[in-house]
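Q: Data file upload_4.txt (compact mmCIF, C-alpha atoms) is appended below.
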# COMPACT_ATOMS: atom_id res chain seq x y z
CA MET A 11 -45.11 111.18 3.21
CA PRO A 12 -44.68 108.74 6.15
CA ARG A 13 -45.07 105.05 5.26
CA THR A 14 -48.23 104.66 7.40
CA GLN A 15 -49.98 107.60 5.72
CA LEU A 16 -48.89 106.36 2.29
CA PHE A 17 -50.43 102.94 3.05
CA ILE A 18 -53.73 104.55 4.14
CA PHE A 19 -53.71 106.74 1.02
CA LYS A 20 -53.21 103.71 -1.25
CA GLN A 21 -55.94 101.79 0.54
CA GLY A 22 -58.31 104.73 -0.01
CA LEU A 23 -57.49 104.85 -3.71
CA TYR A 24 -58.04 101.09 -3.97
CA THR A 25 -61.46 101.38 -2.29
CA LEU A 26 -62.52 104.20 -4.60
CA LEU A 27 -61.35 102.19 -7.63
CA CYS A 28 -63.42 99.20 -6.49
CA LEU A 29 -66.48 101.41 -6.06
CA PHE A 30 -65.96 102.86 -9.53
CA ILE A 31 -65.69 99.39 -11.10
CA LEU A 32 -68.81 98.18 -9.27
CA SER A 33 -70.71 101.27 -10.36
CA ALA A 34 -69.64 100.80 -13.97
CA CYS A 35 -70.65 97.15 -13.90
CA ALA A 36 -74.06 98.03 -12.47
CA ALA A 37 -74.57 100.67 -15.16
CA GLN A 38 -73.58 98.25 -17.94
CA HIS A 39 -75.66 95.37 -16.63
CA VAL A 40 -78.64 94.67 -18.85
CA GLU A 41 -81.45 92.53 -17.51
CA GLU A 42 -82.52 89.68 -19.69
CA LYS A 43 -85.82 90.56 -21.35
CA ALA A 44 -88.84 88.36 -20.80
CA ALA A 45 -90.69 86.98 -23.79
CA VAL A 46 -93.10 89.48 -25.34
CA THR A 47 -96.78 88.71 -24.74
CA PHE A 48 -99.06 89.64 -27.65
CA TYR A 49 -102.80 89.27 -28.26
CA PRO A 50 -103.77 87.61 -30.49
CA GLN A 51 -100.76 85.36 -30.46
CA PRO A 52 -98.62 84.76 -33.56
CA PRO A 53 -99.03 83.97 -36.39
CA ASP A 54 -102.01 86.35 -36.18
CA GLN A 55 -101.18 90.05 -36.36
CA PRO A 56 -100.95 91.41 -32.81
CA ARG A 57 -103.27 94.19 -31.65
CA LEU A 58 -102.37 94.25 -27.96
CA GLN A 59 -99.16 93.81 -26.02
CA PHE A 60 -98.79 93.24 -22.30
CA LEU A 61 -96.30 95.92 -21.30
CA THR A 62 -95.69 95.71 -17.55
CA ALA A 63 -97.25 95.28 -14.12
CA ILE A 64 -97.14 97.94 -11.41
CA SER A 65 -97.36 96.90 -7.78
CA SER A 66 -95.05 99.38 -6.03
CA GLU A 67 -93.16 102.60 -6.60
CA GLU A 68 -90.14 100.49 -7.50
CA ASP A 69 -91.95 99.25 -10.62
CA LEU A 70 -92.08 102.77 -12.02
CA GLY A 71 -88.27 103.00 -12.04
CA ASP A 72 -86.06 105.68 -10.51
CA SER A 73 -84.13 107.87 -12.91
CA LYS A 74 -82.57 109.81 -10.05
CA SER A 75 -80.39 106.94 -8.78
CA ASN A 76 -77.39 105.18 -10.25
CA GLY A 77 -75.24 102.16 -9.56
CA LEU A 78 -72.89 103.95 -7.14
CA ASP A 79 -75.84 105.41 -5.17
CA THR A 80 -77.36 101.97 -4.81
CA PHE A 81 -74.03 100.43 -3.74
CA LEU A 82 -73.36 103.10 -1.11
CA SER A 83 -76.83 103.51 0.36
CA GLY A 84 -78.55 100.27 -0.58
CA PRO A 85 -81.69 99.84 -2.69
CA LYS A 86 -84.44 102.43 -2.29
CA GLU A 87 -87.19 101.37 0.08
CA SER A 88 -90.28 100.49 -1.96
CA PHE A 89 -93.62 102.17 -1.39
CA SER A 90 -96.14 99.42 -0.83
CA ALA A 91 -99.44 101.28 -0.56
CA ILE A 92 -101.24 99.32 -3.27
CA GLY A 93 -103.22 96.70 -1.44
CA ARG A 94 -106.51 95.90 -3.21
CA PRO A 95 -106.90 98.26 -6.16
CA TYR A 96 -110.52 98.33 -7.27
CA ALA A 97 -110.94 101.20 -9.72
CA VAL A 98 -108.50 103.12 -11.90
CA SER A 99 -108.52 106.39 -13.82
CA SER A 100 -105.88 108.74 -15.21
CA SER A 101 -104.88 112.20 -16.37
CA LEU A 102 -101.79 113.53 -18.11
CA GLY A 103 -98.78 112.17 -16.22
CA LYS A 104 -100.79 110.45 -13.48
CA ILE A 105 -102.68 107.24 -12.71
CA TYR A 106 -105.23 107.15 -9.87
CA LEU A 107 -106.41 104.06 -7.96
CA THR A 108 -109.03 103.47 -5.31
CA ASP A 109 -107.49 101.05 -2.81
CA ARG A 110 -109.97 98.98 -0.85
CA ALA A 111 -107.33 97.87 1.63
CA ALA A 112 -106.35 101.39 2.68
CA ASN A 113 -109.63 103.12 1.71
CA LYS A 114 -107.52 105.79 0.06
CA ILE A 115 -106.73 107.17 -3.39
CA VAL A 116 -103.25 106.16 -4.58
CA ILE A 117 -101.62 108.58 -7.05
CA MET A 118 -98.90 107.30 -9.40
CA ASP A 119 -96.87 110.20 -10.77
CA LEU A 120 -95.36 108.90 -14.00
CA ALA A 121 -93.13 111.92 -14.56
CA GLU A 122 -91.63 111.78 -11.05
CA ASN A 123 -91.64 107.96 -10.81
CA SER A 124 -93.35 108.24 -7.43
CA PHE A 125 -96.37 107.17 -5.43
CA LYS A 126 -98.35 109.13 -2.90
CA MET A 127 -101.75 109.13 -1.22
CA LEU A 128 -104.35 111.79 -1.89
CA GLU A 129 -104.50 113.71 1.38
CA ASP A 130 -108.23 113.64 2.05
CA LYS A 131 -109.15 115.32 5.30
CA GLY A 132 -111.83 117.37 7.00
CA PRO A 133 -114.99 117.64 4.89
CA GLY A 134 -113.16 115.80 2.09
CA ALA A 135 -112.19 112.78 4.19
CA LEU A 136 -113.03 109.56 2.37
CA ALA A 137 -114.64 106.60 4.10
CA THR A 138 -115.07 103.81 1.54
CA PRO A 139 -114.00 105.03 -1.92
CA SER A 140 -115.17 102.79 -4.75
CA GLY A 141 -115.32 104.15 -8.31
CA ILE A 142 -113.25 107.08 -9.57
CA TRP A 143 -113.52 109.31 -12.63
CA VAL A 144 -110.81 111.84 -13.53
CA SER A 145 -111.63 114.58 -16.04
CA GLU A 146 -109.23 115.98 -18.64
CA ASP A 147 -108.50 118.93 -16.35
CA ASP A 148 -107.48 116.52 -13.55
CA VAL A 149 -110.59 116.94 -11.38
CA LYS A 150 -111.29 113.78 -9.39
CA TYR A 151 -114.84 112.46 -8.76
CA VAL A 152 -114.93 109.65 -6.19
CA ALA A 153 -117.95 107.48 -5.40
CA ASP A 154 -117.84 106.89 -1.65
CA ILE A 155 -120.10 104.06 -0.49
CA LYS A 156 -120.11 104.82 3.24
CA ARG A 157 -120.49 108.59 2.81
CA GLN A 158 -123.24 107.96 0.25
CA GLN A 159 -121.82 110.80 -1.79
CA ILE A 160 -119.68 111.75 -4.76
CA VAL A 161 -116.61 113.54 -3.37
CA VAL A 162 -114.74 115.93 -5.66
CA PHE A 163 -111.09 117.05 -5.58
CA ASP A 164 -109.52 119.61 -7.91
CA ALA A 165 -106.27 119.43 -9.90
CA LYS A 166 -104.33 120.33 -6.72
CA ASN A 167 -106.02 117.43 -4.89
CA GLU A 168 -107.93 119.82 -2.68
CA PHE A 169 -111.53 119.10 -1.67
CA VAL A 170 -114.07 121.02 -3.77
CA ARG A 171 -117.52 119.73 -2.86
CA ALA A 172 -119.63 116.63 -2.27
CA TYR A 173 -122.75 115.68 -4.23
CA GLY A 174 -125.75 113.86 -2.83
CA ASN A 175 -126.66 112.34 0.50
CA LYS A 176 -128.46 109.29 1.89
CA GLU A 177 -131.76 110.65 0.57
CA ILE A 178 -130.42 110.49 -3.01
CA PHE A 179 -127.99 107.56 -2.90
CA GLU A 180 -128.19 104.24 -1.13
CA LYS A 181 -124.88 102.72 -2.26
CA PRO A 182 -123.03 104.72 -4.93
CA VAL A 183 -120.42 102.33 -6.35
CA ASP A 184 -119.24 104.12 -9.49
CA VAL A 185 -119.26 107.51 -11.20
CA ALA A 186 -118.75 108.95 -14.69
CA VAL A 187 -118.88 112.52 -15.97
CA HIS A 188 -119.81 114.00 -19.33
CA GLY A 189 -120.34 117.69 -19.92
CA ASN A 190 -122.48 119.10 -17.13
CA ARG A 191 -123.81 115.73 -16.02
CA ILE A 192 -122.59 113.38 -13.31
CA PHE A 193 -123.71 109.74 -13.70
CA VAL A 194 -123.80 107.72 -10.48
CA CYS A 195 -124.28 103.95 -10.32
CA ASP A 196 -126.43 103.02 -7.30
CA MET A 197 -126.28 99.25 -6.94
CA PRO A 198 -129.17 98.42 -4.55
CA LYS A 199 -131.48 100.93 -6.25
CA ASN A 200 -130.79 99.26 -9.62
CA GLN A 201 -130.51 102.73 -11.11
CA ILE A 202 -128.17 105.29 -12.58
CA VAL A 203 -128.77 108.67 -10.94
CA VAL A 204 -127.86 111.63 -13.16
CA LEU A 205 -126.97 114.89 -11.43
CA ASP A 206 -126.53 118.42 -12.72
CA LYS A 207 -122.93 119.39 -12.04
CA ASP A 208 -123.76 122.98 -11.10
CA SER A 209 -126.82 122.54 -8.91
CA GLY A 210 -126.23 118.97 -7.72
CA LYS A 211 -129.91 118.21 -8.35
CA THR A 212 -131.16 114.97 -9.89
CA VAL A 213 -132.10 115.53 -13.53
CA LEU A 214 -132.62 111.96 -14.72
CA LEU A 215 -133.04 108.41 -13.44
CA ILE A 216 -131.99 105.57 -15.76
CA GLY A 217 -133.17 102.01 -15.26
CA LYS A 218 -135.19 100.13 -12.67
CA GLY A 219 -135.05 96.68 -11.14
CA GLY A 220 -135.66 93.83 -13.57
CA ALA A 221 -134.25 91.76 -16.43
CA ALA A 222 -135.95 93.29 -19.46
CA GLU A 223 -134.12 95.61 -21.84
CA GLY A 224 -133.41 98.88 -20.04
CA GLU A 225 -133.87 97.28 -16.62
CA LEU A 226 -130.98 96.62 -14.24
CA TYR A 227 -130.14 94.10 -11.54
CA LYS A 228 -127.21 95.02 -9.28
CA PRO A 229 -125.29 97.35 -11.62
CA THR A 230 -121.64 97.73 -10.61
CA ASN A 231 -119.70 99.87 -13.10
CA ILE A 232 -120.37 102.63 -15.64
CA THR A 233 -118.60 104.65 -18.31
CA VAL A 234 -119.58 107.25 -20.90
CA ASP A 235 -118.22 107.82 -24.41
CA ASN A 236 -117.41 111.13 -26.07
CA GLN A 237 -121.02 111.49 -27.29
CA GLY A 238 -122.48 111.06 -23.82
CA ASN A 239 -123.74 107.51 -24.35
CA LEU A 240 -123.83 105.53 -21.11
CA PHE A 241 -122.58 101.94 -20.71
CA VAL A 242 -123.62 100.03 -17.58
CA THR A 243 -122.33 96.75 -16.18
CA ASP A 244 -125.62 95.03 -15.41
CA GLY A 245 -124.03 92.63 -12.95
CA PHE A 246 -126.66 90.06 -12.05
CA ASN A 247 -128.16 90.14 -15.54
CA PHE A 248 -124.67 89.23 -16.84
CA ARG A 249 -124.53 91.85 -19.57
CA ILE A 250 -123.58 95.40 -20.48
CA GLN A 251 -126.34 97.81 -21.48
CA LYS A 252 -125.95 100.93 -23.57
CA PHE A 253 -128.19 103.98 -23.12
CA ASP A 254 -128.25 107.16 -25.19
CA PRO A 255 -127.64 110.61 -23.58
CA ASP A 256 -131.38 110.87 -22.81
CA GLY A 257 -131.36 107.58 -20.92
CA LYS A 258 -133.09 105.52 -23.61
CA PHE A 259 -132.03 101.89 -24.03
CA VAL A 260 -129.93 101.23 -27.13
CA LYS A 261 -128.48 97.70 -27.04
CA VAL A 262 -127.00 94.82 -25.03
CA PHE A 263 -123.44 93.50 -25.08
CA GLY A 264 -122.75 89.94 -23.93
CA PHE A 265 -124.94 87.25 -22.37
CA HIS A 266 -124.94 84.87 -19.44
CA GLY A 267 -122.53 82.02 -20.07
CA ASP A 268 -118.97 80.76 -19.85
CA GLU A 269 -118.38 80.45 -23.59
CA VAL A 270 -116.73 83.06 -25.79
CA GLY A 271 -118.81 86.23 -25.73
CA GLY A 272 -120.53 85.22 -22.50
CA LEU A 273 -120.19 86.97 -19.15
CA ALA A 274 -120.21 85.38 -15.69
CA ARG A 275 -119.10 88.22 -13.41
CA PRO A 276 -118.73 91.44 -15.43
CA LYS A 277 -117.01 94.33 -13.66
CA GLY A 278 -114.99 97.25 -15.05
CA LEU A 279 -115.48 98.58 -18.56
CA ASP A 280 -114.32 101.35 -20.86
CA ILE A 281 -114.70 102.36 -24.48
CA ASP A 282 -112.05 103.60 -26.89
CA ARG A 283 -112.38 106.39 -29.45
CA GLU A 284 -113.26 103.93 -32.20
CA GLY A 285 -116.20 102.48 -30.28
CA HIS A 286 -114.54 99.28 -29.05
CA LEU A 287 -115.95 98.25 -25.68
CA TYR A 288 -113.59 96.54 -23.20
CA ILE A 289 -115.24 94.43 -20.47
CA VAL A 290 -113.58 92.79 -17.45
CA ASP A 291 -114.95 89.42 -16.32
CA ALA A 292 -113.82 88.61 -12.79
CA ALA A 293 -115.00 84.99 -13.06
CA SER A 294 -113.09 83.96 -16.21
CA GLU A 295 -110.38 86.53 -15.38
CA GLN A 296 -110.37 87.71 -18.96
CA ILE A 297 -111.11 90.90 -20.85
CA GLN A 298 -113.34 90.82 -23.90
CA ILE A 299 -113.46 93.45 -26.64
CA PHE A 300 -116.69 94.09 -28.55
CA ASN A 301 -117.29 96.35 -31.54
CA GLU A 302 -120.11 98.88 -31.71
CA ASN A 303 -122.41 96.19 -33.12
CA ALA A 304 -121.89 94.07 -29.98
CA GLN A 305 -119.76 91.51 -31.87
CA LEU A 306 -116.84 89.97 -30.02
CA LEU A 307 -113.47 90.91 -31.54
CA LEU A 308 -110.88 89.58 -29.12
CA PHE A 309 -110.39 88.27 -25.59
CA PHE A 310 -107.20 88.25 -23.57
CA GLY A 311 -105.72 87.85 -20.10
CA GLY A 312 -106.62 84.60 -18.39
CA PRO A 313 -106.12 83.44 -14.80
CA GLY A 314 -102.67 83.28 -13.25
CA VAL A 315 -99.71 85.42 -12.23
CA GLY A 316 -97.66 85.23 -15.43
CA PRO A 317 -97.12 88.10 -17.87
CA GLY A 318 -100.51 89.46 -18.93
CA ASN A 319 -102.52 87.16 -16.65
CA LEU A 320 -105.24 88.49 -14.34
CA TYR A 321 -106.06 87.68 -10.73
CA LEU A 322 -109.57 88.70 -9.63
CA PRO A 323 -109.65 91.72 -11.96
CA ALA A 324 -111.96 94.64 -11.28
CA GLY A 325 -111.46 98.17 -12.65
CA LEU A 326 -110.34 99.10 -16.16
CA ARG A 327 -109.28 102.35 -17.83
CA ILE A 328 -108.23 103.32 -21.37
CA ASP A 329 -105.57 106.07 -21.49
CA TYR A 330 -104.45 108.01 -24.58
CA ASP A 331 -102.42 110.63 -22.69
CA ASN A 332 -99.54 108.68 -21.17
CA VAL A 333 -98.28 106.46 -23.98
CA LYS A 334 -94.84 108.10 -23.92
CA PHE A 335 -94.18 106.78 -20.42
CA PHE A 336 -94.66 103.17 -21.56
CA ASN A 337 -93.13 103.18 -25.03
CA LYS A 338 -89.96 101.71 -23.53
CA TYR A 339 -91.82 98.46 -22.83
CA ALA A 340 -93.23 98.08 -26.36
CA ASP A 341 -91.71 95.82 -28.97
CA LYS A 342 -89.67 97.77 -31.54
CA ASP A 343 -92.12 96.71 -34.27
CA PHE A 344 -95.25 97.59 -32.29
CA LYS A 345 -96.49 101.20 -32.34
CA LEU A 346 -98.68 102.04 -29.35
CA LYS A 347 -101.92 104.02 -29.84
CA TYR A 348 -103.31 103.89 -26.30
CA LEU A 349 -102.89 102.15 -22.97
CA LEU A 350 -105.15 99.91 -20.95
CA TYR A 351 -104.90 99.62 -17.15
CA VAL A 352 -106.54 96.71 -15.30
CA CYS A 353 -106.71 96.39 -11.50
CA ASN A 354 -106.14 93.00 -9.86
CA LEU A 355 -107.76 92.80 -6.42
CA THR A 356 -105.36 90.06 -5.37
CA GLY A 357 -102.19 88.38 -6.53
CA PRO A 358 -98.69 89.88 -6.87
CA ASN A 359 -99.42 92.12 -9.87
CA LYS A 360 -101.69 94.96 -8.78
CA VAL A 361 -102.10 96.89 -12.04
CA ASN A 362 -101.55 95.32 -15.46
CA VAL A 363 -100.60 97.72 -18.26
CA TYR A 364 -101.38 96.72 -21.85
CA GLY A 365 -100.84 98.67 -25.05
CA TYR A 366 -103.15 98.69 -28.05
CA GLY A 367 -101.45 99.47 -31.34
CA ASP A 368 -100.32 98.59 -34.83
CA TRP A 369 -97.75 96.00 -35.89
CA THR A 370 -95.20 97.61 -38.18
CA GLY A 371 -92.85 94.64 -38.65
CA LYS A 372 -92.84 92.06 -41.42
Reformat the file's structure so that it appears as structure tokens.
A:
Amino acid sequence: MPRTQLFIFKQGLYTLLCLFILSACAAQHVEEKAAVTFYPQPPDQPRLQFLTAISSEEDLGDSKSNGLDTFLSGPKESFSAIGRPYAVSSSLGKIYLTDRAANKIVIMDLAENSFKMLEDKGPGALATPSGIWVSEDDVKYVADIKRQQIVVFDAKNEFVRAYGNKEIFEKPVDVAVHGNRIFVCDMPKNQIVVLDKDSGKTVLLIGKGGAAEGELYKPTNITVDNQGNLFVTDGFNFRIQKFDPDGKFVKVFGFHGDEVGGLARPKGLDIDREGHLYIVDAASEQIQIFNENAQLLLFFGGPGVGPGNLYLPAGLRIDYDNVKFFNKYADKDFKLKYLLYVCNLTGPNKVNVYGYGDWTGK
């Protein structure tokens, strides 16, 4: 082999060796772990752990790349569609957000580690999506303020139908579904409108303007439990009200105030399978947990941008289906039972992910 060709050949081998060493170093590099954030804090036994924050596709990870790929082609360009996430829901393998900056539905695919937008178009085009409810079979119900309708998409994200019109809804801000009933929170009407899923007709009206038990003043968010009981964020009455499946008042959670157990600006809410009610307060930037007797059990979060902190929080969702995707963030002595997603309308962390579980360590 001529000397010039031999020199080029050796230079090529040297370059490949350098790339191999860099790739191996990248693969062996282990990031220093941040301190674990538990609630309540030690020495009390923890019940919740802050797991991670998701703001871009990059935060989901990318199992398809390796150190050599990154060195050769550079870091993957991050998807930055999450602007102002207001409401959140989920199904197996997916998390859905309504984004008030883009007026779109953002879909996080946990299995594929990817983001995408729901492709609403034609009769299914969204105008101002607010609340979202996703059923177990991955059907999406979206409360659209400007359309004054509930817009429905199937498991393939294709438009199915729209419920209601301006004669039925004035400003539908949230939606929940149980059985054959669709519950719609209409803020200016101070009512929950209940529709029949098949016919789309109104079958029940819950609440009216006022401050007495069973009356509402600017309701903002709703959820239903497995028995069909309805929970309503009664915004300007600074409380949560529970109604039975027939629309009868049951009880109140919280009160107006800035002390523990009080609510100043209640927003998103959800209830776990054991009857624990989680309530977001956008003013204190905390989440409070009440038992079925309306007794406060725990509060967590707090203002700021540190691990577990909240920044103008809004929507909240409890998720039992996707624990396996977040087990890697849990402390080795903490066994997750379900997840909790909280939307931050502003700040660097768009969606906080917490895990509720049992401490198994000593």
Q: Show me the residues close to (-134.8, 99.1, -10.8) - anything with an atom within 10 Å, counting all atoms listed in the file - and format the list as a compact mmCIF listing (two decimals) with C-alpha atoms, in the frame of the given file.
A:
# COMPACT_ATOMS: atom_id res chain seq x y z
CA ASP A 196 -126.43 103.02 -7.30
CA MET A 197 -126.28 99.25 -6.94
CA PRO A 198 -129.17 98.42 -4.55
CA LYS A 199 -131.48 100.93 -6.25
CA ASN A 200 -130.79 99.26 -9.62
CA GLN A 201 -130.51 102.73 -11.11
CA ILE A 202 -128.17 105.29 -12.58
CA LEU A 215 -133.04 108.41 -13.44
CA ILE A 216 -131.99 105.57 -15.76
CA GLY A 217 -133.17 102.01 -15.26
CA LYS A 218 -135.19 100.13 -12.67
CA GLY A 219 -135.05 96.68 -11.14
CA GLY A 220 -135.66 93.83 -13.57
CA ALA A 221 -134.25 91.76 -16.43
CA GLY A 224 -133.41 98.88 -20.04
CA GLU A 225 -133.87 97.28 -16.62
CA LEU A 226 -130.98 96.62 -14.24
CA TYR A 227 -130.14 94.10 -11.54
CA LYS A 228 -127.21 95.02 -9.28
CA PRO A 229 -125.29 97.35 -11.62
Q: Within 8 Å of Val152 of chain A, counting all atoms listed in the file, which residues qualify if same-chain residues fewer than 4 places away don't, as a compact mmCIF listing (two decimals) with C-alpha atoms, in the coordinates of the input?
A:
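The resulting file, selection.txt, is reproduced below:
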# COMPACT_ATOMS: atom_id res chain seq x y z
CA PRO A 139 -114.00 105.03 -1.92
CA SER A 140 -115.17 102.79 -4.75
CA GLY A 141 -115.32 104.15 -8.31
CA ILE A 142 -113.25 107.08 -9.57
CA TRP A 143 -113.52 109.31 -12.63
CA ILE A 160 -119.68 111.75 -4.76
CA VAL A 161 -116.61 113.54 -3.37
CA VAL A 162 -114.74 115.93 -5.66
CA ASP A 184 -119.24 104.12 -9.49
CA VAL A 185 -119.26 107.51 -11.20
Q: Rounded to one decimal, what separation in Å do you get between atom CA of Gly267 of chain A and atom CA of Phe248 of chain A?
A: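 Spanning atom CA of Gly267 of chain A to atom CA of Phe248 of chain A is a straight-line distance of 8.2 Å.
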Q: Choose the residue, out of A:Asn354, A:Ser101, A:Ser145, A:Gln305, that has the smallest atom-to-atom separation from Leu322 of chain A; count all atoms listed in the file.
A: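 That would be A:Asn354, the residue with the smallest distance to Leu322 of chain A.
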Q: Please indicate the distance in Å from atom CA of Tyr339 of chain A to atom CA of Pro50 of chain A, rounded to one decimal place.
A: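 Atom CA of Tyr339 of chain A sits 17.9 Å away from atom CA of Pro50 of chain A.
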Q: Between A:Asn359, A:Ser100, A:Thr212, A:Asn303, single out the one closest to Arg327 of chain A, counting all atoms listed in the file.
A: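 The shortest atom-to-atom distance to Arg327 of chain A comes from A:Ser100.
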Q: Using only C-alpha atoms, find the one residue out of A:Tyr96, A:Tyr49, A:Tyr173, A:Phe336 that sits nearest to Ala111 of chain A.
A: A:Tyr96
Q: For Ile281 of chain A, please output as a ChimeraX atom specification all residues within 12 Å (counting all atoms listed in the file; exclusion window: fewer than 5 positions along the same chain).
A: /A:232-242,250,252,286-290,298-302,326-330,348-350
Q: So what do you get for atom CA of Val260 of chain A versus atom CA of Glu223 of chain A, distance-wise?
A: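 Computing the Euclidean distance for atom CA of Val260 of chain A and atom CA of Glu223 of chain A yields 8.8 Å.
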Q: Find, counting only C-alpha atoms, the residue in A:Glu180, A:Glu129, A:Asp256, A:Glu67 that gets nearest to Ala153 of chain A.
A: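 Looking only at the distances to Ala153 of chain A, the closest residue turns out to be A:Glu180.
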